[in-house]
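**Q** Contents of run_11.txt (compact mmCIF, C-alpha atoms):
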# COMPACT_ATOMS: atom_id res chain seq x y z
CA ALA A 1 -21.81 1.17 -10.38
CA ALA A 2 -20.95 4.64 -11.67
CA ALA A 3 -21.89 6.23 -8.34
CA VAL A 4 -19.79 3.77 -6.35
CA THR A 5 -16.75 3.80 -8.63
CA GLY A 6 -16.83 7.47 -9.59
CA THR A 7 -16.35 6.49 -13.26
CA ALA A 8 -18.64 5.73 -16.20
CA ASN A 9 -18.28 4.22 -19.64
CA ALA A 10 -21.84 4.78 -20.86
CA VAL A 11 -24.13 7.82 -20.65
CA ARG A 12 -27.67 8.25 -21.96
CA ARG A 13 -30.34 10.92 -21.71
CA THR A 14 -33.50 9.89 -19.88
CA ALA A 15 -37.02 10.79 -21.02
CA ASP A 16 -37.09 13.78 -18.66
CA GLY A 17 -33.83 15.14 -20.14
CA ARG A 18 -31.46 14.13 -17.34
CA LEU A 19 -28.22 12.28 -18.03
CA TYR A 20 -27.80 8.79 -16.60
CA ALA A 21 -24.33 7.23 -16.42
CA GLU A 22 -23.26 3.66 -15.79
CA ASN A 23 -20.07 1.60 -15.67
CA PHE A 24 -20.22 -1.91 -17.14
CA ASP A 25 -16.60 -3.00 -16.60
CA GLY A 26 -17.35 -4.77 -13.34
CA ARG A 27 -20.53 -6.43 -14.51
CA GLY A 28 -18.76 -7.63 -17.66
CA PHE A 29 -15.84 -8.97 -15.65
CA VAL A 30 -18.02 -10.81 -13.11
CA ASP A 31 -20.30 -12.20 -15.83
CA GLY A 32 -17.22 -13.36 -17.76
CA LEU A 33 -15.86 -15.21 -14.73
CA THR A 34 -19.26 -16.74 -14.06
CA ALA A 35 -19.55 -17.91 -17.69
CA ALA A 36 -16.09 -19.50 -17.31
CA GLY A 37 -17.25 -21.43 -14.26
CA ARG A 38 -15.88 -19.21 -11.48
CA PRO A 39 -18.72 -17.27 -9.81
CA LEU A 40 -17.58 -14.87 -7.09
CA ARG A 41 -20.10 -15.81 -4.37
CA ASP A 42 -18.15 -16.25 -1.11
CA ALA A 43 -14.83 -15.68 -2.90
CA HIS A 44 -11.86 -13.68 -1.68
CA VAL A 45 -10.72 -11.32 -4.46
CA PHE A 46 -7.46 -9.37 -4.82
CA VAL A 47 -7.56 -6.45 -7.29
CA ALA A 48 -4.46 -4.57 -8.43
CA GLY A 49 -5.68 -1.12 -9.45
CA ALA A 50 -8.31 1.15 -7.93
CA GLY A 51 -9.12 3.15 -11.06
CA GLY A 52 -12.25 2.83 -13.15
CA ALA A 53 -11.93 -0.86 -14.03
CA GLY A 54 -10.62 -1.91 -10.62
CA GLY A 55 -13.33 -0.02 -8.77
CA ALA A 56 -16.03 -1.42 -11.02
CA ILE A 57 -14.72 -4.97 -10.55
CA ALA A 58 -14.61 -4.53 -6.77
CA ALA A 59 -18.18 -3.18 -6.68
CA ALA A 60 -19.54 -5.86 -9.00
CA GLY A 61 -17.72 -8.58 -7.08
CA LEU A 62 -19.21 -7.42 -3.80
CA ALA A 63 -22.66 -7.13 -5.39
CA ALA A 64 -22.23 -10.71 -6.66
CA GLY A 65 -21.58 -11.94 -3.13
CA ALA A 66 -17.79 -11.96 -2.82
CA ALA A 67 -16.91 -12.44 0.85
CA ARG A 68 -14.00 -9.99 0.70
CA VAL A 69 -12.37 -7.74 -1.91
CA VAL A 70 -8.98 -6.17 -1.27
CA LEU A 71 -7.39 -3.58 -3.52
CA ARG A 72 -3.87 -2.32 -4.08
CA ASP A 73 -3.07 0.96 -5.82
CA PRO A 74 -0.06 3.31 -5.64
CA ASP A 75 -2.40 6.33 -5.47
CA GLY A 76 -3.36 6.32 -1.79
CA ALA A 77 -5.98 9.04 -2.12
CA ARG A 78 -7.74 7.26 -5.00
CA LEU A 79 -7.65 3.98 -3.07
CA ALA A 80 -9.00 5.57 0.13
CA GLY A 81 -11.83 7.30 -1.75
CA LEU A 82 -12.90 4.07 -3.44
CA LEU A 83 -12.69 2.07 -0.22
CA GLY A 84 -14.88 4.65 1.51
CA ARG A 85 -17.55 4.37 -1.19
CA LEU A 86 -17.39 0.55 -1.14
CA ASP A 87 -17.59 0.43 2.65
CA ALA A 88 -20.64 2.70 2.65
CA ARG A 89 -22.45 0.16 0.44
CA TRP A 90 -20.88 -3.11 1.66
CA PRO A 91 -19.62 -2.46 5.21
CA GLY A 92 -16.55 -4.41 6.26
CA ARG A 93 -16.18 -6.41 3.04
CA ALA A 94 -13.59 -4.29 1.20
CA GLY A 95 -10.18 -3.13 2.28
CA ALA A 96 -6.64 -2.20 1.31
CA ALA A 97 -4.55 -5.23 0.38
CA GLY A 98 -2.01 -6.33 2.94
CA PRO A 99 1.22 -8.23 2.25
CA ASP A 100 -0.43 -11.69 2.49
CA ASP A 101 -3.71 -11.00 0.69
CA LEU A 102 -2.50 -12.00 -2.77
CA GLY A 103 -1.69 -15.48 -1.48
CA ARG A 104 -5.09 -15.84 0.21
CA ALA A 105 -7.27 -14.84 -2.73
CA ASP A 106 -9.41 -17.17 -4.80
CA VAL A 107 -9.26 -14.71 -7.72
CA VAL A 108 -6.44 -12.23 -8.38
CA VAL A 109 -7.04 -9.50 -10.93
CA ASN A 110 -4.86 -7.06 -12.81
CA ALA A 111 -7.06 -4.00 -13.32
CA THR A 112 -4.14 -1.73 -14.22
CA PRO A 113 -2.83 -0.85 -17.70
CA LEU A 114 0.34 -2.86 -16.97
CA GLY A 115 0.68 -5.49 -19.66
CA MET A 116 -0.39 -3.39 -22.62
CA ARG A 117 3.26 -2.87 -23.60
CA ALA A 118 5.90 -5.59 -23.80
CA ALA A 119 8.27 -3.66 -21.52
CA ASP A 120 5.72 -3.28 -18.69
CA PRO A 121 6.57 -4.93 -15.38
CA LEU A 122 4.15 -7.47 -13.97
CA PRO A 123 1.46 -5.87 -11.76
CA PHE A 124 2.08 -8.63 -9.18
CA ASP A 125 3.98 -11.92 -8.96
CA PRO A 126 1.62 -14.70 -10.05
CA ALA A 127 3.80 -17.22 -8.21
CA ALA A 128 2.51 -15.65 -4.97
CA ALA A 129 -1.05 -16.63 -5.89
CA ARG A 130 -2.46 -19.88 -4.51
CA PRO A 131 -2.05 -22.84 -6.89
CA ASP A 132 -5.86 -23.08 -7.23
CA ALA A 133 -6.42 -19.33 -7.72
CA VAL A 134 -7.68 -17.81 -10.94
CA VAL A 135 -5.34 -15.12 -12.29
CA ALA A 136 -7.28 -12.62 -14.39
CA ASP A 137 -6.28 -9.64 -16.50
CA VAL A 138 -8.47 -6.84 -17.86
CA VAL A 139 -5.91 -6.00 -20.57
CA MET A 140 -7.38 -7.15 -23.88
CA LYS A 141 -4.49 -6.50 -26.20
CA PRO A 142 -2.30 -8.44 -26.23
CA HIS A 143 -4.60 -11.37 -25.55
CA GLU A 144 -1.82 -13.29 -23.76
CA THR A 145 -0.28 -10.72 -21.44
CA ALA A 146 3.02 -11.38 -19.72
CA LEU A 147 1.08 -11.83 -16.47
CA LEU A 148 -1.18 -14.51 -17.93
CA ARG A 149 1.75 -16.31 -19.58
CA ALA A 150 3.68 -16.31 -16.29
CA ALA A 151 0.62 -17.49 -14.34
CA ALA A 152 -0.13 -20.30 -16.81
CA ALA A 153 3.53 -21.39 -16.71
CA ARG A 154 3.11 -21.79 -12.93
CA GLY A 155 -0.03 -23.87 -13.37
CA ARG A 156 -2.54 -21.18 -12.44
CA ARG A 157 -5.90 -21.00 -14.18
CA VAL A 158 -6.03 -17.79 -16.26
CA HIS A 159 -8.85 -15.56 -17.38
CA HIS A 160 -8.39 -13.20 -20.36
CA GLY A 161 -9.47 -9.58 -20.60
CA ILE A 162 -11.59 -10.09 -23.71
CA HIS A 163 -14.21 -11.95 -21.65
CA MET A 164 -15.01 -8.73 -19.79
CA LEU A 165 -15.79 -6.93 -23.05
CA GLU A 166 -17.78 -9.85 -24.48
CA GLN A 167 -20.02 -9.88 -21.42
CA GLN A 168 -20.52 -6.11 -21.49
CA VAL A 169 -22.30 -6.21 -24.85
CA PRO A 170 -25.65 -7.45 -23.47
CA ALA A 171 -25.47 -4.82 -20.69
CA TYR A 172 -24.88 -2.05 -23.24
CA ARG A 173 -27.75 -3.32 -25.40
CA GLU A 174 -30.07 -3.25 -22.38
CA PHE A 175 -28.85 0.15 -21.17
CA PHE A 176 -29.40 1.83 -24.53
CA GLY A 177 -32.66 -0.02 -25.23
CA TRP A 178 -31.21 -2.15 -27.99
CA LEU A 179 -33.00 -5.29 -26.90
CA ARG A 180 -33.97 -6.37 -30.39
CA PRO A 181 -32.58 -9.80 -31.22
CA ASP A 182 -29.15 -9.70 -32.82
CA PRO A 183 -29.48 -11.91 -35.95
CA ALA A 184 -25.70 -12.31 -36.31
CA ALA A 185 -25.32 -13.47 -32.70
CA ALA A 186 -28.24 -15.87 -33.08
CA ALA A 187 -26.67 -17.32 -36.24
CA ARG A 188 -23.31 -17.77 -34.46
CA LYS A 189 -24.99 -19.54 -31.52
CA SER A 190 -26.86 -21.88 -33.84
CA GLY A 191 -23.72 -22.66 -35.83
CA MET A 192 -25.15 -21.14 -39.00
CA ALA A 193 -22.54 -18.38 -39.31
Let me see the file written as structure tokens.
**A**
Amino acid sequence: AAAVTGTANAVRRTADGRLYAENFDGRGFVDGLTAAGRPLRDAHVFVAGAGGAGGAIAAAGLAAGAARVVLRDPDGARLAGLLGRLDARWPGRAGAAGPDDLGRADVVVNATPLGMRAADPLPFDPAAARPDAVVADVVMKPHETALLRAAAARGRRVHHGIHMLEQQVPAYREFFGWLRPDPAAAARKSGMA
């Protein structure tokens, strides 16, 4: 994911002394959607934002079998670079979002920082999303972003940013070799905590 997106959020040194980087945003996002009952196989996905999180979500969505991922970003060079890397790996399945793509998508994602501040504009109009679409946000704080509130008010199913982080934890544990059982997590699952 780091090679495709050009960004990383974890780095470790290998046994031979080289550095190995990875990006778990996309995997966490896709695993969070899957855990919530919305796997991306054969889905059409609209992503606002082609930065680190948006690129990772696009790559992970395509790896999970999404039929098509379209992205929108005001930085044309960043968007073009990401689309080139995605197309090299998944030819013909990623592209720049057109004017009607938001309304065609099964899942629409805000992968921008818009929503972290109360005065931020919405990254897109959730009313333009299909009534059966999932509207997702990667912003974790606040939990209920203006986008998610507006989408829920229009009857759209929403998916919160915290799920991405929750699903990244197992990937980080595996990446860093922390595969020992987590007693606190086991206690929470069993209802003993």
**Q** State, in Å with one decimal place, the distance from CA of Gly28 in chain A to CA of Val169 in chain A.
**A**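 About the pair CA of Gly28 in chain A and CA of Val169 in chain A: they are 8.1 Å apart.
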**Q** Per residue of range 94-185 of chain A within 8 Å of range 51-58 of chain A, record the nearest atom pair and its distance in Å to one decimal, counting all atoms listed in the file, with rows in chain order and ascending residue number, as JSON lines.
**A**
{"residue": "A:Ala111", "atom": "CA", "partner": "A:Gly54", "partner_atom": "CA", "distance": 4.9}
{"residue": "A:Thr112", "atom": "CA", "partner": "A:Gly54", "partner_atom": "CA", "distance": 7.4}
{"residue": "A:Val138", "atom": "CA", "partner": "A:Ala53", "partner_atom": "CA", "distance": 7.9}
**Q** Hey, can you check how far CA of Gly103 in chain A sits from CA of Trp90 in chain A?
**A**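 Here the two named atoms are 23.0 Å from each other.
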**Q** Can you tell me how far CA of Ala150 in chain A sits from CA of Val107 in chain A, in Å to one decimal?
**A**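 Pair CA of Ala150 in chain A / CA of Val107 in chain A returns 15.6 Å.
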**Q** I need the residue nearest Leu147 in chain A from this list: A:Ala129, A:Ala59, A:Met164, A:Ala15. Use only C-alpha atoms for the distance.
**A**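 Smallest separation from Leu147 in chain A among the options: A:Ala129.
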**Q** Find the residue from A:Thr14, A:Arg38, A:Val109, A:Ala88 that sits nearest to Val69 in chain A; use all atoms listed in the file when measuring.
**A**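 Of the candidates, the smallest distance to Val69 in chain A is held by A:Val109.
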**Q** Would you mind listing what lies within 7 Å of range 118-125 of chain A as a list of chain:residue names, with only C-alpha atoms counted and same-chain residues fewer than 3 positions away left out?
**A** A:Ala48, A:Asn110, A:Leu114, A:Gly115, A:Ala128, A:Leu147
**Q** Val70 in chain A: which residues within 8 Å, counting all atoms listed in the file, same-chain residues fewer than 2 positions away excluded, as a list in words?
**A**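 Residues meeting the cut-off are Val45, Phe46, Val47, Arg68, Arg72, Ala94, Gly95, Ala96, Ala97 and Asp101 of chain A.
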